[in-house]
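For reference, coords-v6.txt (compact mmCIF, C-alpha atoms):
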```txt
# COMPACT_ATOMS: atom_id res chain seq x y z
CA VAL A 841 7.61 17.51 21.73
CA LEU A 842 5.27 14.72 22.72
CA PRO A 843 1.72 15.90 23.41
CA PRO A 844 0.35 16.95 26.81
CA THR A 845 -3.29 16.36 27.68
CA PRO A 846 -5.32 19.15 25.96
CA PRO A 847 -9.07 19.71 25.59
CA ALA A 848 -10.93 17.11 23.56
CA CYS A 849 -11.19 17.57 19.80
CA ILE A 850 -14.46 16.46 18.24
CA SER A 851 -15.09 16.37 14.49
CA ARG A 852 -17.36 15.02 11.78
CA CYS A 853 -16.67 14.61 8.10
CA ALA A 854 -19.35 14.94 5.45
CA GLN A 855 -19.55 12.30 2.75
CA THR A 856 -17.73 13.24 -0.44
CA THR A 857 -19.01 12.24 -3.87
CA ILE A 858 -16.69 12.63 -6.86
CA PRO A 859 -18.43 12.58 -10.28
CA ALA A 860 -16.47 10.82 -13.04
CA MET A 861 -16.33 14.00 -15.16
CA ALA A 862 -14.81 15.92 -12.26
CA LEU A 863 -11.88 13.66 -11.50
CA LYS A 864 -9.21 15.76 -13.22
CA ILE A 865 -9.04 18.33 -10.46
CA VAL A 866 -6.58 19.82 -8.10
CA ALA A 867 -8.14 20.16 -4.67
CA GLY A 868 -7.24 20.83 -1.08
CA LEU A 869 -5.41 24.17 -0.91
CA LEU A 870 -3.92 24.73 2.54
CA ALA A 871 -2.92 27.39 4.71
CA THR A 872 -1.55 30.64 5.90
CA LEU A 873 2.09 29.83 6.54
CA SER A 874 4.96 31.69 4.87
CA THR A 875 6.67 30.24 1.82
CA PRO A 876 10.22 29.04 2.54
CA VAL A 877 13.17 29.75 0.27
CA GLY A 878 14.75 26.92 -1.73
CA ALA A 879 11.87 24.54 -1.18
CA SER A 880 10.43 21.74 -3.30
CA LEU A 881 7.33 20.44 -5.03
CA LEU A 882 6.63 16.85 -4.04
CA ARG A 883 4.55 14.55 -6.25
CA ILE A 884 3.17 11.46 -4.52
CA PRO A 885 1.63 8.77 -6.75
CA VAL A 886 -1.55 7.37 -5.16
CA ARG A 887 -3.61 4.23 -5.81
CA ARG A 888 -7.32 3.74 -5.26
CA VAL A 889 -8.65 1.48 -2.52
CA GLU A 890 -11.35 -0.98 -3.61
CA VAL A 891 -14.32 -0.45 -1.31
CA GLN A 892 -17.78 -1.91 -1.75
CA HIS A 893 -20.66 0.53 -2.14
CA ASP A 894 -24.19 -0.19 -0.93
CA ASP A 895 -25.39 -0.33 -4.53
CA ASP A 896 -22.46 -2.41 -5.71
CA THR A 897 -23.03 -6.10 -6.37
CA THR A 898 -19.34 -6.95 -6.46
CA SER A 899 -17.75 -8.65 -3.50
CA GLY A 900 -15.32 -6.92 -1.19
CA PRO A 901 -15.09 -5.46 2.30
CA GLN A 902 -16.35 -2.03 3.19
CA VAL A 903 -14.63 0.28 5.61
CA LEU A 904 -15.57 3.87 6.38
CA LEU A 905 -12.19 5.52 6.41
CA GLY A 906 -10.44 8.44 4.81
CA LEU A 907 -11.92 9.60 1.52
CA ALA A 908 -13.80 6.31 1.23
CA SER A 909 -16.91 7.93 2.77
CA GLN A 910 -18.65 9.08 5.93
CA LEU A 911 -15.53 9.39 8.05
CA GLY A 912 -16.21 10.83 11.46
CA THR A 913 -13.46 11.22 14.02
CA SER A 914 -13.46 12.20 17.65
CA GLU A 915 -11.00 11.99 20.47
CA ARG A 916 -11.99 9.54 23.14
CA GLY A 917 -10.67 9.71 26.63
CA GLN A 918 14.30 25.84 -6.42
CA ARG A 919 11.54 23.45 -7.33
CA VAL A 920 12.80 19.92 -7.11
CA GLU A 921 10.17 17.32 -8.05
CA GLU A 922 9.85 14.05 -6.17
CA GLU A 923 7.35 11.24 -6.67
CA VAL A 924 5.66 9.07 -4.06
CA VAL A 925 2.38 6.82 -5.44
CA LEU A 926 -2.01 7.70 -5.07
CA SER A 927 -3.83 4.36 -5.35
CA ASN A 928 -7.52 4.46 -6.17
CA ASN A 929 -10.58 3.25 -4.22
CA LYS A 930 -13.61 3.32 -6.57
CA ASN A 931 -12.65 6.96 -7.16
CA MET A 932 -13.37 7.58 -3.46
CA ALA A 933 -10.27 6.78 -1.36
CA TYR A 934 -6.63 6.94 -2.35
CA TYR A 935 -3.49 5.70 -0.62
CA GLY A 936 0.26 5.93 -1.09
CA GLU A 937 3.59 5.09 0.46
CA ILE A 938 5.61 6.69 3.24
CA ARG A 939 8.63 5.54 5.26
CA VAL A 940 8.84 5.52 9.05
CA GLY A 941 11.91 5.15 11.27
CA GLU A 942 15.64 4.79 10.63
CA PRO A 943 16.21 2.82 8.52
CA GLY A 944 12.94 3.68 6.79
CA GLN A 945 10.13 1.11 6.93
CA LYS A 946 7.75 1.32 3.96
CA LEU A 947 4.06 1.59 4.87
CA THR A 948 0.97 2.57 2.89
CA VAL A 949 -1.42 5.18 4.26
CA ILE A 950 -4.77 6.69 3.32
CA PHE A 951 -4.33 10.40 2.64
CA ASP A 952 -7.31 11.68 4.59
CA THR A 953 -8.56 15.28 4.47
CA GLY A 954 -11.12 14.45 7.17
CA SER A 955 -8.63 13.94 10.00
CA SER A 956 -5.28 15.41 11.00
CA ASN A 957 -3.17 12.75 12.74
CA LEU A 958 -0.71 10.26 11.31
CA TRP A 959 -0.93 6.75 12.73
CA VAL A 960 0.58 3.43 11.72
CA PRO A 961 -0.04 -0.10 13.08
CA THR A 962 2.37 -2.06 15.26
CA LYS A 963 2.91 -5.82 15.30
CA ALA A 964 0.29 -6.14 18.04
CA THR A 965 -2.47 -5.37 15.53
CA GLY A 966 -1.69 -8.51 13.52
CA SER A 967 -1.24 -6.46 10.33
CA GLY A 968 0.82 -7.99 7.56
CA GLU A 969 2.80 -4.76 7.29
CA PHE A 970 3.51 -2.84 10.47
CA TYR A 971 5.82 -0.33 12.12
CA ASP A 972 8.50 -2.18 14.06
CA PHE A 973 9.71 0.53 16.41
CA GLY A 974 12.21 -1.86 17.97
CA VAL A 975 14.44 -1.77 14.89
CA SER A 976 14.36 2.00 14.47
CA SER A 977 17.39 3.79 15.87
CA THR A 978 15.49 7.09 16.13
CA HIS A 979 12.29 5.92 17.86
CA VAL A 980 11.25 7.73 21.07
CA GLY A 981 8.33 6.15 22.89
CA SER A 982 5.86 7.68 25.33
CA SER A 983 2.99 6.73 27.61
CA VAL A 984 0.61 9.31 26.09
CA ILE A 985 -2.51 7.51 24.89
CA PHE A 986 -3.88 7.96 21.36
CA GLN A 987 -7.54 7.10 20.78
CA ILE A 988 -9.78 7.96 17.85
CA SER A 989 -13.20 6.84 16.60
CA TYR A 990 -14.04 6.45 12.92
CA GLY A 991 -17.36 5.71 11.28
CA SER A 992 -16.34 2.05 11.13
CA GLY A 993 -14.95 1.73 14.66
CA ASP A 994 -12.26 2.68 17.16
CA ILE A 995 -8.48 2.36 17.34
CA SER A 996 -6.01 3.05 20.10
CA GLY A 997 -2.30 3.15 20.81
CA LEU A 998 0.43 5.47 22.04
CA PHE A 999 2.04 8.61 20.73
CA CYS A 1000 5.72 8.40 19.79
CA GLN A 1001 8.38 10.27 17.86
CA ASP A 1002 10.43 9.06 14.91
CA THR A 1003 11.57 10.07 11.43
CA VAL A 1004 8.76 10.15 8.87
CA SER A 1005 9.73 10.41 5.19
CA ILE A 1006 7.58 11.21 2.16
CA GLY A 1007 9.60 10.83 -1.00
CA GLU A 1008 12.93 12.49 -0.28
CA MET A 1009 11.47 14.82 2.35
CA ALA A 1010 12.16 13.73 5.92
CA LEU A 1011 10.63 14.90 9.20
CA PRO A 1012 12.92 13.88 12.08
CA ASN A 1013 11.40 13.56 15.56
CA PHE A 1014 7.87 13.82 14.17
CA THR A 1015 5.06 13.02 16.62
CA PHE A 1016 2.56 10.40 15.45
CA ALA A 1017 0.72 7.40 16.85
CA GLU A 1018 1.82 3.77 16.94
CA VAL A 1019 -1.49 1.90 17.06
CA ASN A 1020 -1.64 -1.46 18.81
CA ASP A 1021 -5.39 -2.12 18.59
CA THR A 1022 -7.38 -1.92 15.35
CA SER A 1023 -9.85 -4.66 16.35
CA GLY A 1024 -12.66 -2.12 16.51
CA LEU A 1025 -12.37 -1.28 12.80
CA ARG A 1026 -14.66 -3.39 10.65
CA ASN A 1027 -12.90 -5.25 7.81
CA TRP A 1028 -9.57 -3.55 8.55
CA ALA A 1029 -7.62 -6.77 7.89
CA GLY A 1030 -8.92 -6.82 4.31
CA MET A 1031 -7.78 -3.30 3.44
CA PRO A 1032 -4.72 -2.78 1.19
CA PHE A 1033 -3.30 0.04 3.31
CA ASP A 1034 -1.67 0.13 6.72
CA GLY A 1035 -2.46 3.46 8.37
CA VAL A 1036 -3.88 6.95 7.95
CA LEU A 1037 -2.09 10.23 7.20
CA GLY A 1038 -4.38 13.13 8.07
CA LEU A 1039 -4.29 16.25 5.89
CA GLY A 1040 -7.05 18.11 7.73
CA PHE A 1041 -6.82 21.36 9.67
CA PRO A 1042 -4.62 21.46 12.80
CA GLU A 1043 -7.73 22.05 14.92
CA LEU A 1044 -8.79 18.46 14.21
CA ALA A 1045 -5.58 16.86 15.49
CA VAL A 1046 -6.02 14.57 18.50
CA ARG A 1047 -3.96 15.95 21.42
CA GLY A 1048 -3.18 19.01 19.33
CA VAL A 1049 0.01 17.55 17.85
CA PRO A 1050 1.43 19.18 14.67
CA THR A 1051 0.15 17.79 11.38
CA VAL A 1052 2.41 16.41 8.65
CA MET A 1053 1.60 19.41 6.46
CA GLN A 1054 2.44 21.85 9.24
CA ALA A 1055 5.75 20.11 9.87
CA LEU A 1056 6.69 20.06 6.17
CA VAL A 1057 5.97 23.78 5.79
CA GLN A 1058 7.79 24.71 8.99
CA SER A 1059 10.79 22.62 7.93
CA GLY A 1060 11.21 24.77 4.80
CA GLN A 1061 11.00 21.81 2.44
CA LEU A 1062 7.89 22.89 0.52
CA ALA A 1063 7.77 25.58 -2.16
CA GLU A 1064 4.32 26.73 -1.00
CA PRO A 1065 2.01 25.88 1.93
CA VAL A 1066 -0.32 24.07 -0.49
CA PHE A 1067 -1.36 20.53 -1.36
CA GLY A 1068 -3.61 19.19 -4.09
CA PHE A 1069 -4.97 15.92 -5.51
CA TYR A 1070 -5.19 14.70 -9.08
CA LEU A 1071 -7.63 11.78 -8.86
CA GLY A 1072 -7.18 9.27 -11.67
CA ASP A 1073 -10.32 7.61 -13.04
CA GLN A 1074 -9.72 3.87 -12.54
CA GLN A 1075 -5.98 4.54 -12.49
CA GLU A 1076 -3.26 5.93 -10.29
CA GLY A 1077 -3.58 9.53 -9.22
CA GLN A 1078 -1.25 12.00 -7.60
CA LEU A 1079 -0.94 13.96 -4.38
CA VAL A 1080 1.15 17.11 -4.83
CA LEU A 1081 2.70 18.75 -1.79
CA GLY A 1082 4.13 22.25 -2.02
CA GLY A 1083 2.17 23.58 -4.99
CA VAL A 1084 0.09 22.44 -7.95
CA ASP A 1085 0.96 20.48 -11.08
CA ALA A 1086 0.16 22.76 -14.02
CA SER A 1087 -0.37 19.78 -16.33
CA HIS A 1088 -3.42 18.79 -14.25
CA VAL A 1089 -5.04 22.23 -14.02
CA ALA A 1090 -7.95 22.72 -16.45
CA SER A 1091 -8.96 26.28 -15.49
CA GLU A 1092 -8.30 29.18 -13.16
CA PHE A 1093 -8.74 28.62 -9.41
CA THR A 1094 -11.67 30.08 -7.52
CA PHE A 1095 -10.92 30.89 -3.88
CA ALA A 1096 -13.39 30.90 -1.00
CA ASP A 1097 -12.75 32.02 2.57
CA VAL A 1098 -12.71 29.32 5.24
CA THR A 1099 -15.23 30.29 7.91
CA HIS A 1100 -14.61 27.30 10.18
CA PRO A 1101 -11.39 25.21 10.28
CA GLY A 1102 -13.20 21.86 10.21
CA TYR A 1103 -14.33 19.97 7.13
```
If you took the structure in this file and wrote it as structure tokens, what would it be?
Amino acid sequence: VLPPTPPACISRCAQTTIPAMALKIVAGLLATLSTPVGASLLRIPVRRVEVQHDDDTTSGPQVLLGLASQLGTSERGQRVEEEVVLSNNKNMAYYGEIRVGEPGQKLTVIFDTGSSNLWVPTKATGSGEFYDFGVSSTHVGSSVIFQISYGSGDISGLFCQDTVSIGEMALPNFTFAEVNDTSGLRNWAGMPFDGVLGLGFPELAVRGVPTVMQALVQSGQLAEPVFGFYLGDQQEGQLVLGGVDASHVASEFTFADVTHPGY
């Protein structure tokens, strides 16, 4: 169901620093939904984004997005294993590949625990890779406006519905945003990813639309309502959906109650 007009959702993400010795971790346990029967564990390879730090003398653009740092968002106005890849951004931001539409169009997204919406660019943004909704047989458009502000600027577009696939897991009729204006984001054209896939709490979702994680759990495709990151040091990492990868766990987990479903 495409979103109605709900109360505004305002959020702020604290900067995350990841020490080199702490990179082999599994982080980001989610949620209180029941475990489906016959579900899967999905491994998504991720690559790091190269982002310039203030104390870095190397050249390169800086954008405050996702795990890169200082992201702030606010609304304006049977265990089958499957691999999908985390790319690395100075051990700060990681991105990987999804497919959107039918037939699937490959796009790269930042996996962002500081926001909760999925959005991808359209041709109007001038991006080299973009979501061409005109060639998708399952696209359903809408006139519902999507607007969000990051630490590095604003974007806007429209909500729509289409099939979103991560590895072999597909979410038909999933509600996300097709963004037609990224001009407010500093240095966006120089970034090696196309959009953002939010893994934050549902309370952070603009317009209150379901998150990708919610939809995967409710679809019965995940073994557990859990996700975790293995962050490779200067190498590819991994996002695991539906459980944890035992080969990347160094010790027992310590659990802490969530007192506020924010950051």
Counting all atoms listed in the file, the residue among A:Phe1069, A:Val1046, A:Val886, A:Phe970 that lies closest to Asp1085 in chain A is A:Phe1069
Using all atoms listed in the file, determine which residues lie at most 9 Å from Pro1101 in chain A, disregarding the query and same-chain residues fewer than 5 positions distant; provide the list as a PyMOL selection string. chain A and resi 1040-1044
Which value, in Å to one decimal, gives the distance between CA of Ser956 in chain A and CA of Ala1045 in chain A? 4.7 Å
Which residues are close to Ser983 in chain A, i.e. within 10 Å by all atoms listed in the file, leaving aside same-chain residues fewer than 6 positions away? Reply as number ranges by chain. A: 842, 997-1000
Hey, can you check how far CA of Val1049 in chain A sits from CA of Val975 in chain A?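 Answer for the CA of Val1049 in chain A to CA of Val975 in chain A separation: 24.3 Å.
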Distance in Å - CA of Tyr1070 in chain A versus CA of Leu947 in chain A: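 Calculated distance between CA of Tyr1070 in chain A and CA of Leu947 in chain A is 21.3 Å.
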Find the spatial neighbours of Val1052 in chain A, counting all atoms listed in the file, within a cut-off of 8 Å - ignore same-chain residues fewer than 3 positions away - and output them as a PyMOL selection string. chain A and resi 957-958+1037-1039+1055-1056
Go ahead and save the picked residues with C-alpha atoms, as a PDB file, in the frame of the given file.
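So part-v8.pdb came out as:
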```pdb
ATOM      1  CA  ASN A 957      -3.170  12.750  12.740  1.00  0.00           C
ATOM      2  CA  LEU A 958      -0.710  10.260  11.310  1.00  0.00           C
ATOM      3  CA  LEU A1037      -2.090  10.230   7.200  1.00  0.00           C
ATOM      4  CA  GLY A1038      -4.380  13.130   8.070  1.00  0.00           C
ATOM      5  CA  LEU A1039      -4.290  16.250   5.890  1.00  0.00           C
ATOM      6  CA  ALA A1055       5.750  20.110   9.870  1.00  0.00           C
ATOM      7  CA  LEU A1056       6.690  20.060   6.170  1.00  0.00           C
TER       8      LEU A1056
END
```
Residues within 6 Å of Gly941 in chain A, please, as a ChimeraX atom specification. Count all atoms listed in the file; anything in the same chain fewer than 5 positions from it doesn't count. /A:976,1002-1003
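Within 6 Å of range 1076-1078 of chain A, once only C-alpha atoms are used and residues closer than 2 positions along the same chain are dropped, the contacting residues are Ile884, Pro885, Val886, Arg887, Leu926, Ser927, Phe1069, Tyr1070, Leu1071 and Gly1072 of chain A.
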In terms of the shortest atom-to-atom distance over only C-alpha atoms, which of A:Glu937, A:Glu1018, A:Asp1034, A:Glu1008 is closest to Gln1061 in chain A?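 Among A:Glu937, A:Glu1018, A:Asp1034, A:Glu1008, it is A:Glu1008 that comes nearest to Gln1061 in chain A.
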Protein and nucleic acid residues near (-8.4, -5.3, 7.1) (cut-off 10 Å, only C-alpha atoms) as a PDB file with C-alpha atoms, in the coordinates of the input:
```pdb
ATOM      1  CA  PRO A 901     -15.090  -5.460   2.300  1.00  0.00           C
ATOM      2  CA  GLN A 902     -16.350  -2.030   3.190  1.00  0.00           C
ATOM      3  CA  VAL A 903     -14.630   0.280   5.610  1.00  0.00           C
ATOM      4  CA  GLY A 966      -1.690  -8.510  13.520  1.00  0.00           C
ATOM      5  CA  SER A 967      -1.240  -6.460  10.330  1.00  0.00           C
ATOM      6  CA  GLY A 968       0.820  -7.990   7.560  1.00  0.00           C
ATOM      7  CA  THR A1022      -7.380  -1.920  15.350  1.00  0.00           C
ATOM      8  CA  SER A1023      -9.850  -4.660  16.350  1.00  0.00           C
ATOM      9  CA  LEU A1025     -12.370  -1.280  12.800  1.00  0.00           C
ATOM     10  CA  ARG A1026     -14.660  -3.390  10.650  1.00  0.00           C
ATOM     11  CA  ASN A1027     -12.900  -5.250   7.810  1.00  0.00           C
ATOM     12  CA  TRP A1028      -9.570  -3.550   8.550  1.00  0.00           C
ATOM     13  CA  ALA A1029      -7.620  -6.770   7.890  1.00  0.00           C
ATOM     14  CA  GLY A1030      -8.920  -6.820   4.310  1.00  0.00           C
ATOM     15  CA  MET A1031      -7.780  -3.300   3.440  1.00  0.00           C
ATOM     16  CA  PRO A1032      -4.720  -2.780   1.190  1.00  0.00           C
ATOM     17  CA  PHE A1033      -3.300   0.040   3.310  1.00  0.00           C
ATOM     18  CA  ASP A1034      -1.670   0.130   6.720  1.00  0.00           C
TER      19      ASP A1034
END
```
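Remark: for Met1053 in chain A, the closest of the candidate residues A:Glu1092, A:Asp994, A:Asp972, A:Asp952 is A:Asp952 (distances computed over all atoms listed in the file).
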Residue nearest Val1089 in chain A - candidates A:Gly1068, A:Gly954, A:Pro1012, A:Gly1007, atoms counted: all atoms listed in the file: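 Answer, going by the shortest atom-to-atom distance: A:Gly1068.
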Choose the residue, out of A:Thr1051, A:Gln1075, A:Ser989, A:Asn1020, that has the smallest atom-to-atom separation from Tyr971 in chain A; count only C-alpha atoms.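 Closest to Tyr971 in chain A of all the choices is A:Asn1020.
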Measuring between only C-alpha atoms, which one of A:Gly1035, A:Ala1086, A:Val940, A:Phe986 shows the shortest distance to Phe1014 in chain A?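 Using only C-alpha atoms, Phe1014 in chain A sits closest to A:Val940.
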Can you patch up range 1046-1058 of chain A, filling it in to N, CA, C and O atoms, and show the result as a CSV table (one decimal), keeping the file's coordinate frame?
```
chain,number,residue,atom,x,y,z
A,1046,VAL,N,-5.9,15.1,17.2
A,1046,VAL,CA,-6.0,14.6,18.5
A,1046,VAL,C,-4.8,15.0,19.3
A,1046,VAL,O,-3.7,14.9,18.8
A,1047,ARG,N,-5.0,15.5,20.5
A,1047,ARG,CA,-4.0,16.0,21.4
A,1047,ARG,C,-3.3,17.2,20.9
A,1047,ARG,O,-2.3,17.7,21.5
A,1048,GLY,N,-3.7,17.8,19.8
A,1048,GLY,CA,-3.2,19.0,19.3
A,1048,GLY,C,-1.8,18.9,18.8
A,1048,GLY,O,-1.1,19.9,18.7
A,1049,VAL,N,-1.3,17.7,18.4
A,1049,VAL,CA,0.0,17.6,17.8
A,1049,VAL,C,0.1,18.2,16.5
A,1049,VAL,O,-0.9,18.3,15.7
A,1050,PRO,N,1.3,18.6,16.0
A,1050,PRO,CA,1.4,19.2,14.7
A,1050,PRO,C,1.1,18.2,13.6
A,1050,PRO,O,1.3,17.0,13.7
A,1051,THR,N,0.5,18.7,12.5
A,1051,THR,CA,0.2,17.8,11.4
A,1051,THR,C,1.4,17.6,10.5
A,1051,THR,O,2.4,18.4,10.6
A,1052,VAL,N,1.3,16.6,9.6
A,1052,VAL,CA,2.4,16.4,8.6
A,1052,VAL,C,2.6,17.6,7.8
A,1052,VAL,O,3.7,18.1,7.5
A,1053,MET,N,1.5,18.2,7.3
A,1053,MET,CA,1.6,19.4,6.5
A,1053,MET,C,2.2,20.6,7.2
A,1053,MET,O,3.1,21.3,6.7
A,1054,GLN,N,1.8,20.8,8.4
A,1054,GLN,CA,2.4,21.8,9.2
A,1054,GLN,C,3.9,21.6,9.4
A,1054,GLN,O,4.7,22.6,9.2
A,1055,ALA,N,4.3,20.4,9.7
A,1055,ALA,CA,5.8,20.1,9.9
A,1055,ALA,C,6.6,20.3,8.6
A,1055,ALA,O,7.7,20.8,8.6
A,1056,LEU,N,6.0,19.9,7.4
A,1056,LEU,CA,6.7,20.1,6.2
A,1056,LEU,C,6.9,21.5,5.9
A,1056,LEU,O,8.0,21.9,5.4
A,1057,VAL,N,5.9,22.4,6.1
A,1057,VAL,CA,6.0,23.8,5.8
A,1057,VAL,C,7.0,24.4,6.7
A,1057,VAL,O,7.9,25.2,6.3
A,1058,GLN,N,6.9,24.1,8.0
A,1058,GLN,CA,7.8,24.7,9.0
A,1058,GLN,C,9.2,24.3,8.8
A,1058,GLN,O,10.2,25.0,9.2
```
